[in-house]
Amino acid sequence: MTTAEYRQSVERSMSEDAFLSQVVGLARSLGWRVHHCRPVVTRSGRVMTPIQGHEGFPDLVMNYFDGEDERRDRCLIAELKSWKGRNRFGPGQPEWLAAWRAIEKRSNGAVRAFTWTPADLADIELILRGEL
Ligand SMILES: [Mg+2]
């Protein structure tokens, strides 16, 4: 197995939760302020995320703000998917992402919206570093 094949097998077997932890850890280490709502399991076994508002809000909202150079200030919106779930969108998710992408186009790069899978990790690091 080559290095590329190994990396691909890791990316394709990574759960969304493990991927989320990687992205959050990376973003925080690079100075981003990060928000994610974790789902909970009720006593009856139902999985839910207690929020108020429209369903399907993206997994991550991240702000970069250092207070010194406003050209570097940014907001990233990201919906994360495991490789297996990359084409499965829950209720409301497509609508939220379409709205964020429309805002991205008008924001001059201050707002960017993505759907990421573990296969995007190299690009994610570049984006978080402001290099892509
Ligand atoms: Mg997700």
# chains A, B, ... in the order shown; residues from 1 in each chain; ligands from 1
call {"tool": "residues_around", "arguments": {"residues": "region 21-26 of chain A", "least_positions_apart": "4", "cutoff": "9 Å", "atoms": "only C-alpha atoms", "output": "list in words"}}
result
Glu16, Asp17, Leu30, Gly31, Trp32, Val34, His35, His36, Leu60, Leu121, Ile124, Glu125 and Leu128 of chain A
call {"tool": "write_last_selection", "arguments": {"atoms": "N, CA and C atoms", "output": "JSON list (two decimals), in the first residue's frame"}}
result
[["chain", "number", "residue", "atom", "x", "y", "z"],
["A", 16, "GLU", "N", -17.46, 11.31, 11.16],
["A", 16, "GLU", "CA", -17.64, 12.76, 11.15],
["A", 16, "GLU", "C", -17.18, 13.36, 12.48],
["A", 17, "ASP", "N", -17.42, 12.64, 13.57],
["A", 17, "ASP", "CA", -17.04, 13.17, 14.89],
["A", 17, "ASP", "C", -15.51, 13.28, 15.02],
["A", 30, "LEU", "N", -4.74, 27.54, 15.49],
["A", 30, "LEU", "CA", -4.34, 28.62, 14.59],
["A", 30, "LEU", "C", -5.03, 29.94, 14.96],
["A", 31, "GLY", "N", -5.67, 29.99, 16.11],
["A", 31, "GLY", "CA", -6.20, 31.26, 16.61],
["A", 31, "GLY", "C", -7.63, 31.56, 16.24],
["A", 32, "TRP", "N", -8.36, 30.56, 15.72],
["A", 32, "TRP", "CA", -9.77, 30.79, 15.37],
["A", 32, "TRP", "C", -10.66, 30.62, 16.60],
["A", 34, "VAL", "N", -14.19, 29.23, 17.68],
["A", 34, "VAL", "CA", -14.95, 28.13, 17.07],
["A", 34, "VAL", "C", -16.26, 27.87, 17.81],
["A", 35, "HIS", "N", -17.31, 27.62, 17.05],
["A", 35, "HIS", "CA", -18.59, 27.23, 17.65],
["A", 35, "HIS", "C", -19.12, 25.98, 16.96],
["A", 36, "HIS", "N", -19.55, 25.02, 17.79],
["A", 36, "HIS", "CA", -20.22, 23.82, 17.29],
["A", 36, "HIS", "C", -21.24, 23.39, 18.34],
["A", 60, "LEU", "N", -20.12, 24.05, 11.85],
["A", 60, "LEU", "CA", -19.11, 24.94, 12.44],
["A", 60, "LEU", "C", -19.29, 26.38, 11.97],
["A", 121, "LEU", "N", -8.73, 17.71, 4.22],
["A", 121, "LEU", "CA", -7.94, 18.19, 5.37],
["A", 121, "LEU", "C", -6.74, 19.06, 4.97],
["A", 124, "ILE", "N", -8.12, 22.37, 4.06],
["A", 124, "ILE", "CA", -8.67, 23.03, 5.25],
["A", 124, "ILE", "C", -7.55, 23.74, 6.01],
["A", 125, "GLU", "N", -6.42, 23.07, 6.16],
["A", 125, "GLU", "CA", -5.31, 23.72, 6.87],
["A", 125, "GLU", "C", -4.86, 24.99, 6.14],
["A", 128, "LEU", "N", -7.47, 27.72, 6.71],
["A", 128, "LEU", "CA", -7.39, 28.26, 8.08],
["A", 128, "LEU", "C", -6.14, 29.11, 8.27]]
call {"tool": "residues_near_ligand", "arguments": {"ligand": "ligand 1", "cutoff": "12 Å", "atoms": "only C-alpha atoms and all ligand atoms", "output": "ChimeraX atom specification"}}
result
/A:15-20,36-39,56-60,77-94,97,114-118
call {"tool": "write_last_selection", "arguments": {"atoms": "N, CA and C atoms", "output": "mmCIF file, in the first residue's frame"}}
result
data_model
loop_
_atom_site.group_PDB
_atom_site.id
_atom_site.type_symbol
_atom_site.label_atom_id
_atom_site.label_comp_id
_atom_site.auth_asym_id
_atom_site.auth_seq_id
_atom_site.Cartn_x
_atom_site.Cartn_y
_atom_site.Cartn_z
ATOM 1 N N SER A 15 -14.784 8.857 11.053
ATOM 2 C CA SER A 15 -16.153 9.283 11.373
ATOM 3 C C SER A 15 -16.236 10.805 11.301
ATOM 4 N N GLU A 16 -17.463 11.308 11.163
ATOM 5 C CA GLU A 16 -17.640 12.763 11.150
ATOM 6 C C GLU A 16 -17.181 13.361 12.479
ATOM 7 N N ASP A 17 -17.420 12.641 13.574
ATOM 8 C CA ASP A 17 -17.038 13.166 14.890
ATOM 9 C C ASP A 17 -15.515 13.285 15.020
ATOM 10 N N ALA A 18 -14.792 12.275 14.542
ATOM 11 C CA ALA A 18 -13.320 12.336 14.590
ATOM 12 C C ALA A 18 -12.806 13.457 13.693
ATOM 13 N N PHE A 19 -13.430 13.604 12.549
ATOM 14 C CA PHE A 19 -13.069 14.674 11.613
ATOM 15 C C PHE A 19 -13.330 16.039 12.255
ATOM 16 N N LEU A 20 -14.495 16.163 12.874
ATOM 17 C CA LEU A 20 -14.839 17.413 13.567
ATOM 18 C C LEU A 20 -13.768 17.770 14.603
ATOM 19 N N HIS A 36 -19.546 25.019 17.794
ATOM 20 C CA HIS A 36 -20.215 23.818 17.289
ATOM 21 C C HIS A 36 -21.241 23.386 18.337
ATOM 22 N N CYS A 37 -22.434 23.003 17.910
ATOM 23 C CA CYS A 37 -23.448 22.481 18.829
ATOM 24 C C CYS A 37 -23.387 20.963 18.809
ATOM 25 N N ARG A 38 -23.093 20.357 19.951
ATOM 26 C CA ARG A 38 -23.018 18.895 20.006
ATOM 27 C C ARG A 38 -24.413 18.315 20.203
ATOM 28 N N PRO A 39 -24.732 17.247 19.485
ATOM 29 C CA PRO A 39 -26.017 16.585 19.720
ATOM 30 C C PRO A 39 -26.009 15.848 21.065
ATOM 31 N N GLY A 56 -30.991 22.400 10.451
ATOM 32 C CA GLY A 56 -29.984 22.189 9.420
ATOM 33 C C GLY A 56 -28.825 23.163 9.449
ATOM 34 N N PHE A 57 -28.681 23.929 10.546
ATOM 35 C CA PHE A 57 -27.575 24.892 10.624
ATOM 36 C C PHE A 57 -26.239 24.154 10.497
ATOM 37 N N PRO A 58 -25.287 24.740 9.767
ATOM 38 C CA PRO A 58 -24.008 24.043 9.552
ATOM 39 C C PRO A 58 -23.283 23.704 10.857
ATOM 40 N N ASP A 59 -22.385 22.728 10.775
ATOM 41 C CA ASP A 59 -21.685 22.217 11.959
ATOM 42 C C ASP A 59 -20.799 23.248 12.640
ATOM 43 N N LEU A 60 -20.122 24.050 11.853
ATOM 44 C CA LEU A 60 -19.115 24.938 12.436
ATOM 45 C C LEU A 60 -19.285 26.379 11.970
ATOM 46 N N ILE A 77 -17.915 29.221 7.551
ATOM 47 C CA ILE A 77 -19.059 28.363 7.852
ATOM 48 C C ILE A 77 -18.750 27.018 7.221
ATOM 49 N N ALA A 78 -18.879 25.939 7.989
ATOM 50 C CA ALA A 78 -18.553 24.634 7.403
ATOM 51 C C ALA A 78 -19.535 23.562 7.834
ATOM 52 N N GLU A 79 -20.032 22.837 6.847
ATOM 53 C CA GLU A 79 -20.783 21.605 7.100
ATOM 54 C C GLU A 79 -19.803 20.460 6.896
ATOM 55 N N LEU A 80 -19.652 19.629 7.904
ATOM 56 C CA LEU A 80 -18.717 18.511 7.824
ATOM 57 C C LEU A 80 -19.472 17.226 7.516
ATOM 58 N N LYS A 81 -18.829 16.387 6.713
ATOM 59 C CA LYS A 81 -19.403 15.095 6.363
ATOM 60 C C LYS A 81 -18.306 14.046 6.419
ATOM 61 N N SER A 82 -18.669 12.856 6.866
ATOM 62 C CA SER A 82 -17.733 11.737 6.688
ATOM 63 C C SER A 82 -17.691 11.426 5.199
ATOM 64 N N TRP A 83 -16.690 10.668 4.800
ATOM 65 C CA TRP A 83 -16.617 10.330 3.378
ATOM 66 C C TRP A 83 -17.875 9.591 2.939
ATOM 67 N N LYS A 84 -18.311 8.648 3.770
ATOM 68 C CA LYS A 84 -19.499 7.856 3.397
ATOM 69 C C LYS A 84 -20.756 8.716 3.329
ATOM 70 N N GLY A 85 -20.828 9.731 4.192
ATOM 71 C CA GLY A 85 -22.040 10.554 4.232
ATOM 72 C C GLY A 85 -21.950 11.827 3.416
ATOM 73 N N ARG A 86 -20.936 11.901 2.550
ATOM 74 C CA ARG A 86 -20.646 13.169 1.869
ATOM 75 C C ARG A 86 -21.789 13.687 1.003
ATOM 76 N N ASN A 87 -22.646 12.801 0.527
ATOM 77 C CA ASN A 87 -23.756 13.253 -0.329
ATOM 78 C C ASN A 87 -25.100 13.230 0.389
ATOM 79 N N ARG A 88 -25.053 13.004 1.708
ATOM 80 C CA ARG A 88 -26.311 12.945 2.475
ATOM 81 C C ARG A 88 -26.483 14.248 3.254
ATOM 82 N N PHE A 89 -27.517 14.992 2.913
ATOM 83 C CA PHE A 89 -27.788 16.252 3.606
ATOM 84 C C PHE A 89 -29.108 16.143 4.350
ATOM 85 N N GLY A 90 -29.102 16.598 5.588
ATOM 86 C CA GLY A 90 -30.296 16.536 6.413
ATOM 87 C C GLY A 90 -31.259 17.661 6.075
ATOM 88 N N PRO A 91 -32.455 17.647 6.683
ATOM 89 C CA PRO A 91 -33.448 18.693 6.438
ATOM 90 C C PRO A 91 -32.867 20.073 6.768
ATOM 91 N N GLY A 92 -33.024 20.992 5.835
ATOM 92 C CA GLY A 92 -32.578 22.363 6.063
ATOM 93 C C GLY A 92 -31.121 22.624 5.708
ATOM 94 N N GLN A 93 -30.296 21.604 5.632
ATOM 95 C CA GLN A 93 -28.871 21.843 5.363
ATOM 96 C C GLN A 93 -28.626 22.481 3.994
ATOM 97 N N PRO A 94 -29.254 21.978 2.909
ATOM 98 C CA PRO A 94 -29.000 22.616 1.611
ATOM 99 C C PRO A 94 -29.405 24.087 1.587
ATOM 100 N N LEU A 97 -26.782 26.187 3.451
ATOM 101 C CA LEU A 97 -25.531 26.296 2.685
ATOM 102 C C LEU A 97 -25.716 27.199 1.465
ATOM 103 N N PHE A 114 -18.333 26.241 3.267
ATOM 104 C CA PHE A 114 -17.811 25.005 2.688
ATOM 105 C C PHE A 114 -18.611 23.797 3.162
ATOM 106 N N THR A 115 -18.571 22.751 2.344
ATOM 107 C CA THR A 115 -18.904 21.408 2.811
ATOM 108 C C THR A 115 -17.604 20.623 2.721
ATOM 109 N N TRP A 116 -17.154 20.124 3.867
ATOM 110 C CA TRP A 116 -15.851 19.466 3.918
ATOM 111 C C TRP A 116 -15.997 17.990 4.294
ATOM 112 N N THR A 117 -15.120 17.171 3.699
ATOM 113 C CA THR A 117 -14.959 15.782 4.130
ATOM 114 C C THR A 117 -13.499 15.617 4.572
ATOM 115 N N PRO A 118 -13.165 14.486 5.191
ATOM 116 C CA PRO A 118 -11.771 14.275 5.604
ATOM 117 C C PRO A 118 -10.789 14.367 4.434
#
call {"tool": "select_by_dssp", "arguments": {"residues": "region 45-94 of chain A", "states": "strand (DSSP E or B)", "output": "MDAnalysis selection string"}}
result
chainID A and resid 47:48 60:64 74:80
call {"tool": "closest_residue", "arguments": {"among": "A:Cys75, A:Val47, A:Val40, A:Met62", "to": "Asn108 (chain A)", "atoms": "only C-alpha atoms"}}
result
A:Cys75
call {"tool": "atom_distance", "arguments": {"atom1": "CA of Arg33 (chain A)", "atom2": "CA of Tyr64 (chain A)"}}
result
6.3 Å
call {"tool": "residues_around", "arguments": {"residues": "Ala102 (chain A)", "least_positions_apart": "6", "cutoff": "12 Å", "atoms": "only C-alpha atoms", "output": "PyMOL selection string"}}
result
chain A and resi 95-96+108-109+111-114
call {"tool": "select_by_dssp", "arguments": {"residues": "chain A", "states": "alpha helix (DSSP H)", "output": "ChimeraX atom specification"}}
result
/A:3-13,16-29,93-106,121-128
call {"tool": "atom_distance", "arguments": {"atom1": "CA of Thr2 (chain A)", "atom2": "CA of Glu131 (chain A)"}}
result
27.8 Å
call {"tool": "atom_distance", "arguments": {"atom1": "CA of Arg71 (chain A)", "atom2": "CA of Ser29 (chain A)"}}
result
20.2 Å
